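The next block is run-v3.tsv, given as TSV, C-alpha atoms.
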```
chain	number	residue	atom	x	y	z
A	23	MET	CA	-4.16	-96.23	26.67
A	24	PRO	CA	-7.83	-96.12	25.52
A	25	GLU	CA	-9.63	-99.42	26.11
A	26	ALA	CA	-10.85	-101.27	23.02
A	27	LEU	CA	-14.44	-102.38	22.67
A	28	PRO	CA	-15.17	-106.11	23.05
A	29	PRO	CA	-14.75	-107.67	19.55
A	30	ARG	CA	-18.36	-108.87	19.24
A	31	LYS	CA	-19.84	-105.57	20.34
A	32	ARG	CA	-17.43	-103.65	18.08
A	33	SER	CA	-18.47	-105.76	15.07
A	34	ALA	CA	-22.15	-105.31	15.87
A	35	LEU	CA	-21.70	-101.57	16.23
A	36	LEU	CA	-19.80	-101.25	12.94
A	37	ALA	CA	-22.51	-103.24	11.15
A	38	ARG	CA	-25.21	-100.90	12.44
A	39	LEU	CA	-23.22	-97.74	11.69
A	40	ARG	CA	-22.63	-98.95	8.11
A	41	THR	CA	-26.38	-98.99	7.53
A	42	GLY	CA	-26.69	-95.42	8.79
A	43	GLN	CA	-28.20	-96.19	12.18
A	44	ASP	CA	-27.92	-93.43	14.76
A	45	LEU	CA	-25.01	-93.95	17.15
A	46	SER	CA	-27.03	-93.48	20.33
A	47	ASP	CA	-29.66	-96.01	19.17
A	48	ALA	CA	-27.04	-98.52	18.05
A	49	ALA	CA	-25.02	-98.20	21.25
A	50	GLN	CA	-28.11	-98.62	23.42
A	51	LEU	CA	-29.26	-101.75	21.56
A	52	ILE	CA	-25.81	-103.34	21.83
A	53	GLY	CA	-25.25	-102.27	25.41
A	54	ILE	CA	-22.28	-99.92	24.99
A	55	ALA	CA	-21.85	-96.53	26.61
A	56	ILE	CA	-21.39	-93.77	24.04
A	57	ARG	CA	-18.41	-92.42	25.97
A	58	ALA	CA	-16.78	-95.88	25.68
A	59	VAL	CA	-17.31	-95.71	21.90
A	60	PHE	CA	-15.63	-92.31	21.68
A	61	THR	CA	-12.77	-93.46	23.89
A	62	ALA	CA	-12.16	-96.55	21.74
A	63	ALA	CA	-12.28	-94.43	18.57
A	64	ARG	CA	-9.13	-92.59	19.67
A	65	THR	CA	-7.05	-95.57	18.54
A	66	ASP	CA	-9.53	-97.45	16.32
A	67	THR	CA	-9.33	-95.96	12.82
A	68	ALA	CA	-12.09	-98.14	11.38
A	69	LEU	CA	-14.45	-97.12	14.15
A	70	THR	CA	-13.60	-93.45	13.64
A	71	LEU	CA	-14.37	-93.75	9.93
A	72	ALA	CA	-17.70	-95.42	10.69
A	73	LEU	CA	-18.61	-92.66	13.14
A	74	ALA	CA	-17.80	-90.13	10.40
A	75	GLY	CA	-20.18	-91.89	8.02
A	76	VAL	CA	-17.56	-93.74	5.94
A	77	ASP	CA	-17.62	-97.51	5.48
A	78	PRO	CA	-14.12	-98.59	6.68
A	79	ASP	CA	-14.14	-101.54	4.27
A	80	GLU	CA	-14.80	-99.57	1.10
A	81	GLN	CA	-11.93	-99.02	-1.31
A	82	GLY	CA	-11.70	-95.28	-0.75
A	83	ALA	CA	-11.23	-95.68	3.01
A	84	ALA	CA	-7.52	-96.44	2.60
A	85	GLY	CA	-7.00	-93.10	0.86
A	86	ILE	CA	-8.90	-91.25	3.58
A	87	THR	CA	-6.79	-92.90	6.27
A	88	GLY	CA	-3.57	-92.17	4.36
A	89	ARG	CA	-4.44	-88.50	4.00
A	90	ALA	CA	-5.34	-88.23	7.68
A	91	ASP	CA	-2.12	-89.92	8.78
A	92	TYR	CA	-0.09	-87.64	6.51
A	93	LEU	CA	-1.71	-84.53	7.96
A	94	ARG	CA	-1.15	-85.84	11.48
A	95	LEU	CA	2.57	-86.29	10.84
A	96	LEU	CA	2.85	-82.78	9.39
A	97	ALA	CA	1.09	-81.39	12.47
A	98	LEU	CA	3.54	-83.27	14.69
A	99	GLY	CA	6.43	-81.49	13.00
A	100	CYS	CA	7.55	-83.94	10.30
A	101	THR	CA	8.67	-82.50	6.99
A	102	PRO	CA	6.69	-83.60	3.92
A	103	THR	CA	9.61	-85.81	2.85
A	104	LEU	CA	9.86	-87.47	6.25
A	105	ALA	CA	6.10	-88.01	6.41
A	106	SER	CA	6.20	-89.66	2.97
A	107	GLN	CA	9.10	-91.86	4.02
A	108	ILE	CA	7.26	-92.99	7.15
A	109	LEU	CA	3.93	-93.69	5.48
A	110	PHE	CA	4.66	-94.48	1.85
A	111	GLY	CA	8.26	-95.71	1.76
A	112	GLY	CA	9.35	-92.50	0.07
A	113	GLY	CA	6.73	-92.78	-2.67
A	114	GLY	CA	5.03	-89.77	-4.19
A	115	GLN	CA	1.45	-90.58	-3.15
A	116	ALA	CA	1.08	-87.49	-0.96
A	117	GLY	CA	2.42	-85.23	-3.71
A	118	LYS	CA	-0.12	-86.69	-6.11
A	119	TRP	CA	-2.94	-86.04	-3.66
A	120	ARG	CA	-1.76	-82.46	-3.20
A	121	SER	CA	-1.60	-81.79	-6.94
A	122	GLU	CA	-5.05	-83.27	-7.57
A	123	ASP	CA	-6.87	-81.90	-4.51
A	124	LEU	CA	-6.41	-78.22	-3.73
A	125	ALA	CA	-8.31	-78.57	-0.45
A	126	PHE	CA	-5.94	-81.29	0.71
A	127	GLY	CA	-2.96	-79.14	-0.31
A	128	ALA	CA	-4.31	-76.24	1.74
A	129	ALA	CA	-4.86	-78.58	4.70
A	130	CYS	CA	-1.24	-79.75	4.42
A	131	ASP	CA	0.02	-76.17	4.45
A	132	ALA	CA	-2.16	-75.36	7.47
A	133	ALA	CA	-1.01	-78.46	9.37
A	134	ALA	CA	2.65	-77.68	8.67
A	135	ALA	CA	2.19	-74.05	9.73
A	136	ALA	CA	0.60	-75.14	13.01
A	137	SER	CA	3.30	-77.72	13.80
A	138	PRO	CA	5.91	-77.16	16.51
A	139	GLY	CA	9.12	-75.48	15.34
A	140	ARG	CA	11.99	-77.69	14.30
A	141	ALA	CA	14.75	-75.31	15.30
A	142	GLY	CA	17.86	-77.13	16.32
A	143	VAL	CA	16.87	-80.39	14.60
A	144	ARG	CA	19.64	-81.49	12.27
A	145	ALA	CA	18.97	-83.49	9.16
A	146	PRO	CA	20.73	-86.89	9.00
A	147	ARG	CA	24.19	-86.62	7.47
A	148	PHE	CA	24.91	-88.45	4.23
A	149	THR	CA	27.93	-90.19	5.71
A	150	PRO	CA	30.18	-92.57	3.73
A	151	GLU	CA	28.41	-95.49	5.44
A	152	ARG	CA	25.02	-94.18	4.42
A	153	ARG	CA	26.24	-93.56	0.87
A	154	GLN	CA	27.42	-97.16	0.64
A	155	ALA	CA	24.13	-98.47	2.01
A	156	PHE	CA	22.23	-96.27	-0.47
A	157	LEU	CA	24.23	-97.69	-3.38
A	158	VAL	CA	23.60	-101.23	-2.18
A	159	HIS	CA	19.84	-100.60	-2.10
A	160	LEU	CA	20.03	-98.97	-5.52
A	161	ASP	CA	21.98	-101.91	-6.93
A	162	ALA	CA	19.35	-104.27	-5.47
A	163	GLY	CA	16.70	-102.66	-7.64
A	164	LEU	CA	15.16	-99.94	-5.48
A	165	THR	CA	14.38	-96.58	-7.02
A	166	VAL	CA	16.38	-93.54	-5.91
A	167	THR	CA	13.46	-92.39	-3.77
A	168	ALA	CA	12.96	-95.79	-2.14
A	169	ALA	CA	16.69	-96.30	-1.55
A	170	ALA	CA	16.95	-92.87	0.07
A	171	ALA	CA	13.96	-93.67	2.28
A	172	GLU	CA	15.63	-96.89	3.43
A	173	ILE	CA	18.52	-94.95	4.99
A	174	GLY	CA	16.52	-91.92	6.15
A	175	ILE	CA	17.91	-89.43	3.60
A	176	THR	CA	15.90	-87.18	1.30
A	177	THR	CA	16.35	-87.36	-2.45
A	178	ALA	CA	17.39	-83.71	-2.40
A	179	VAL	CA	20.44	-84.67	-0.32
A	180	VAL	CA	21.23	-87.50	-2.74
A	181	TYR	CA	21.18	-85.27	-5.79
A	182	GLN	CA	23.14	-82.53	-4.05
A	183	ARG	CA	25.86	-85.08	-3.33
A	184	ARG	CA	25.72	-86.36	-6.88
A	185	ARG	CA	26.25	-82.89	-8.33
A	186	ARG	CA	29.37	-82.16	-6.28
A	187	ASP	CA	30.88	-85.66	-6.04
A	188	PRO	CA	31.85	-87.16	-9.44
A	189	ALA	CA	32.87	-90.47	-7.86
A	190	PHE	CA	29.51	-90.87	-6.16
A	191	ALA	CA	27.71	-89.83	-9.36
A	192	ALA	CA	29.58	-92.52	-11.30
A	193	ALA	CA	28.82	-95.16	-8.67
A	194	MET	CA	25.17	-94.19	-8.65
A	195	THR	CA	24.96	-94.39	-12.45
A	196	GLU	CA	26.61	-97.81	-12.38
A	197	ALA	CA	24.22	-99.09	-9.71
A	198	LEU	CA	21.22	-97.95	-11.74
A	199	ARG	CA	22.39	-99.76	-14.87
A	200	THR	CA	23.44	-103.02	-13.20
A	201	PRO	CA	21.47	-105.95	-14.69
A	202	ARG	CA	18.91	-107.30	-12.26
A	203	PRO	CA	19.03	-111.05	-11.60
A	204	SER	CA	15.80	-112.85	-12.44
A	205	SER	CA	16.20	-115.16	-9.44
A	206	THR	CA	14.93	-112.40	-7.16
A	207	THR	CA	11.32	-112.99	-8.19
A	208	ALA	CA	11.58	-116.74	-8.73
A	209	ALA	CA	10.60	-117.60	-5.15
A	210	VAL	CA	7.46	-115.44	-5.24
A	211	GLY	CA	4.35	-117.51	-5.83
A	212	GLU	CA	1.49	-116.63	-8.14
A	213	GLU	CA	-0.92	-116.26	-5.22
A	214	GLN	CA	1.45	-113.75	-3.61
A	215	TRP	CA	1.50	-111.70	-6.79
A	216	LYS	CA	-2.31	-111.77	-6.90
A	217	GLU	CA	-2.43	-110.52	-3.32
A	218	PHE	CA	0.14	-107.85	-4.19
A	219	TYR	CA	-2.08	-106.62	-7.05
A	220	ARG	CA	-5.09	-106.55	-4.73
A	221	GLN	CA	-3.24	-104.57	-2.07
A	222	LEU	CA	-1.77	-102.16	-4.63
A	223	ARG	CA	-5.21	-101.52	-6.10
A	224	ARG	CA	-6.44	-100.74	-2.57
A	225	THR	CA	-3.58	-98.57	-1.24
A	226	GLY	CA	-1.61	-97.36	-4.26
A	227	VAL	CA	1.61	-97.79	-2.23
A	228	MET	CA	3.96	-100.32	-3.83
A	229	ARG	CA	6.16	-101.05	-0.84
A	230	GLN	CA	3.19	-101.41	1.51
A	231	ALA	CA	1.40	-103.72	-0.94
A	232	ALA	CA	4.51	-105.90	-1.30
A	233	LEU	CA	4.97	-106.32	2.44
A	234	ALA	CA	1.26	-107.08	2.91
A	235	ALA	CA	1.58	-109.86	0.32
A	236	GLY	CA	4.70	-111.29	1.96
A	237	ILE	CA	6.98	-110.13	-0.86
A	238	GLN	CA	10.26	-108.31	-0.38
A	239	PRO	CA	9.91	-104.83	-1.96
A	240	GLU	CA	13.20	-105.43	-3.78
A	241	ALA	CA	11.54	-108.29	-5.68
A	242	VAL	CA	8.88	-105.89	-6.95
A	243	TYR	CA	11.48	-103.36	-8.09
A	244	HIS	CA	13.50	-106.11	-9.81
A	245	ARG	CA	10.45	-107.30	-11.71
A	246	ARG	CA	9.46	-103.76	-12.70
A	247	ARG	CA	12.89	-103.25	-14.25
A	248	SER	CA	12.93	-106.54	-16.15
A	249	ASP	CA	9.24	-106.88	-17.09
A	250	PRO	CA	7.71	-103.86	-18.91
A	251	GLY	CA	4.25	-105.43	-18.81
A	252	PHE	CA	4.44	-105.79	-15.04
A	253	ALA	CA	5.67	-102.21	-14.67
A	254	GLU	CA	2.77	-100.95	-16.79
A	255	LYS	CA	0.24	-102.98	-14.80
A	256	THR	CA	1.52	-101.78	-11.44
A	257	ASP	CA	1.46	-98.18	-12.66
A	258	ARG	CA	-2.15	-98.60	-13.74
A	259	LEU	CA	-3.09	-100.05	-10.36
A	260	ARG	CA	-1.39	-97.18	-8.52
A	261	ASP	CA	-3.18	-94.65	-10.71
A	262	LYS	CA	-6.49	-96.40	-10.10
A	263	ALA	CA	-5.95	-96.33	-6.34
A	264	GLY	CA	-5.14	-92.61	-6.54
A	265	THR	CA	-8.38	-91.84	-8.38
A	266	THR	CA	-10.66	-93.98	-6.22
A	267	SER	CA	-9.20	-93.14	-2.82
```

Using structure tokens, write down the structure from this file.
Amino acid sequence: MPEALPPRKRSALLARLRTGQDLSDAAQLIGIAIRAVFTAARTDTALTLALAGVDPDEQGAAGITGRADYLRLLALGCTPTLASQILFGGGGQAGKWRSEDLAFGAACDAAAAASPGRAGVRAPRFTPERRQAFLVHLDAGLTVTAAAAEIGITTAVVYQRRRRDPAFAAAMTEALRTPRPSSTTAAVGEEQWKEFYRQLRRTGVMRQAALAAGIQPEAVYHRRRSDPGFAEKTDRLRDKAGTTS
């Protein structure tokens, strides 16, 4: 595994790269071999961004990293749905990027075309156990997309099952209309919600922001269903992250 740079030298190097200093000059002043910098950058995303001329602490850096990770997963052979489940909890961030950025969409197509074949790989079956788990997540307040991501099933599989299984369709409808208990959000402190807003503004990914703030994602989905003002605010923050990242 590539060896990381010593913390103090890494911080000093990042500070110099942020100001636009040449890598060779910065490395020489700090006492780091350039090859060691490149080796560390293999697993150090912030350092890679700095080498590419991007401040890793700026707001748009999260979007750059998310796009790069998404392309990497496509190149490794993941389907777009699986890549979104892994990175964004099943959210539609990648689809939004593709629709707004034709160059990114073309890069996605190229990465997928260059990926290893997936012949012989079977999609997870929507077994009775998985259907029950999906309904439990749905009843807990998750969206269809998020509930499907929790059990490793695509939404396409869910809706296919719903069309041909009246009993499942009825259970799904019932789970979606079940009143959400207000106690789910009662234990979440105001400071946690503030941190959630900050993380959502930075990443645009609701589930990721919730976990970063120490909040169960289900609590966020509960509050979105019961509090229209909260739902509107979180939508605005997600949109803002999408336009600035």

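The environment of Ala168 in chain A within 10 Å, counting all atoms listed in the file and disregarding residues fewer than 3 places along the same chain, consists of Gln107, Phe110, Gly111, Gly112, Gly113, Phe156, His159, Leu160, Gly163, Leu164, Thr165, Ala171, Glu172, Ile173, Gly174, Ile175, Thr176, Thr177, Arg229, Pro239, Glu240 and Tyr243 of chain A.
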
key: Answer as JSON, numbers by chain, residues within 8 Å of (-19.3, -98.4, 15.3) using only C-alpha atoms   = {"A": [32, 33, 34, 35, 36, 37, 38, 39, 40, 45, 59, 69, 70, 72, 73]}

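Residues surrounding range 180-193 of chain A within 8 Å are Phe148, Leu157, Ala170 and Ile175 of chain A [only C-alpha atoms; sequence separation below 5 positions excluded].
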
query = Do you have the CA of Pro102 in chain A-CA of Arg245 in chain A distance handy?
reply =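 Interatomic distance here is 28.6 Å.
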
task = Using all atoms listed in the file, find all polymer residues with an atom at most 12 Å away from the point (-7.7, -98.1, 15.7); report them as a list in words.
result =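 Here is the list of nearby residues: Met23, Pro24, Glu25, Ala26, Leu27, Arg32, Val59, Phe60, Thr61, Ala62, Ala63, Arg64, Thr65, Asp66, Thr67, Ala68, Leu69, Thr70, Leu71, Ala72, Pro78 and Thr87 of chain A.
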
task = Go ahead and compute the interatomic distance for CA of Leu96 in chain A and CA of Ala135 in chain A, in Å to one decimal.
result =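 Atom-to-atom, CA of Leu96 in chain A and CA of Ala135 in chain A are spaced 8.8 Å apart.
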
inquiry  = Just to confirm, what's the straight-line distance from CA of Arg120 in chain A to CA of Glu217 in chain A in Å (one decimal)?
reply    = 28.1 Å

Option closest in space to Gly236 in chain A, from A:Lys255, A:Lys262, A:Lys31, A:Lys216 [counting all atoms listed in the file] =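 Closest to Gly236 in chain A of all the choices is A:Lys216.
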
request  = Tell me, as number ranges by chain, which residues lie within 12 Å of Arg89 in chain A, counting all atoms listed in the file; anything in the same chain fewer than 2 positions away does not count.
outcome  = A: 82-87, 91-96, 105-106, 109-110, 115-120, 123, 125-127, 129-130, 133, 225, 264, 267

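Using all atoms listed in the file, the nearest neighbour of Gln154 in chain A within the list A:Met194, A:Ala178, A:Ile54, A:Ala235 is A:Met194.
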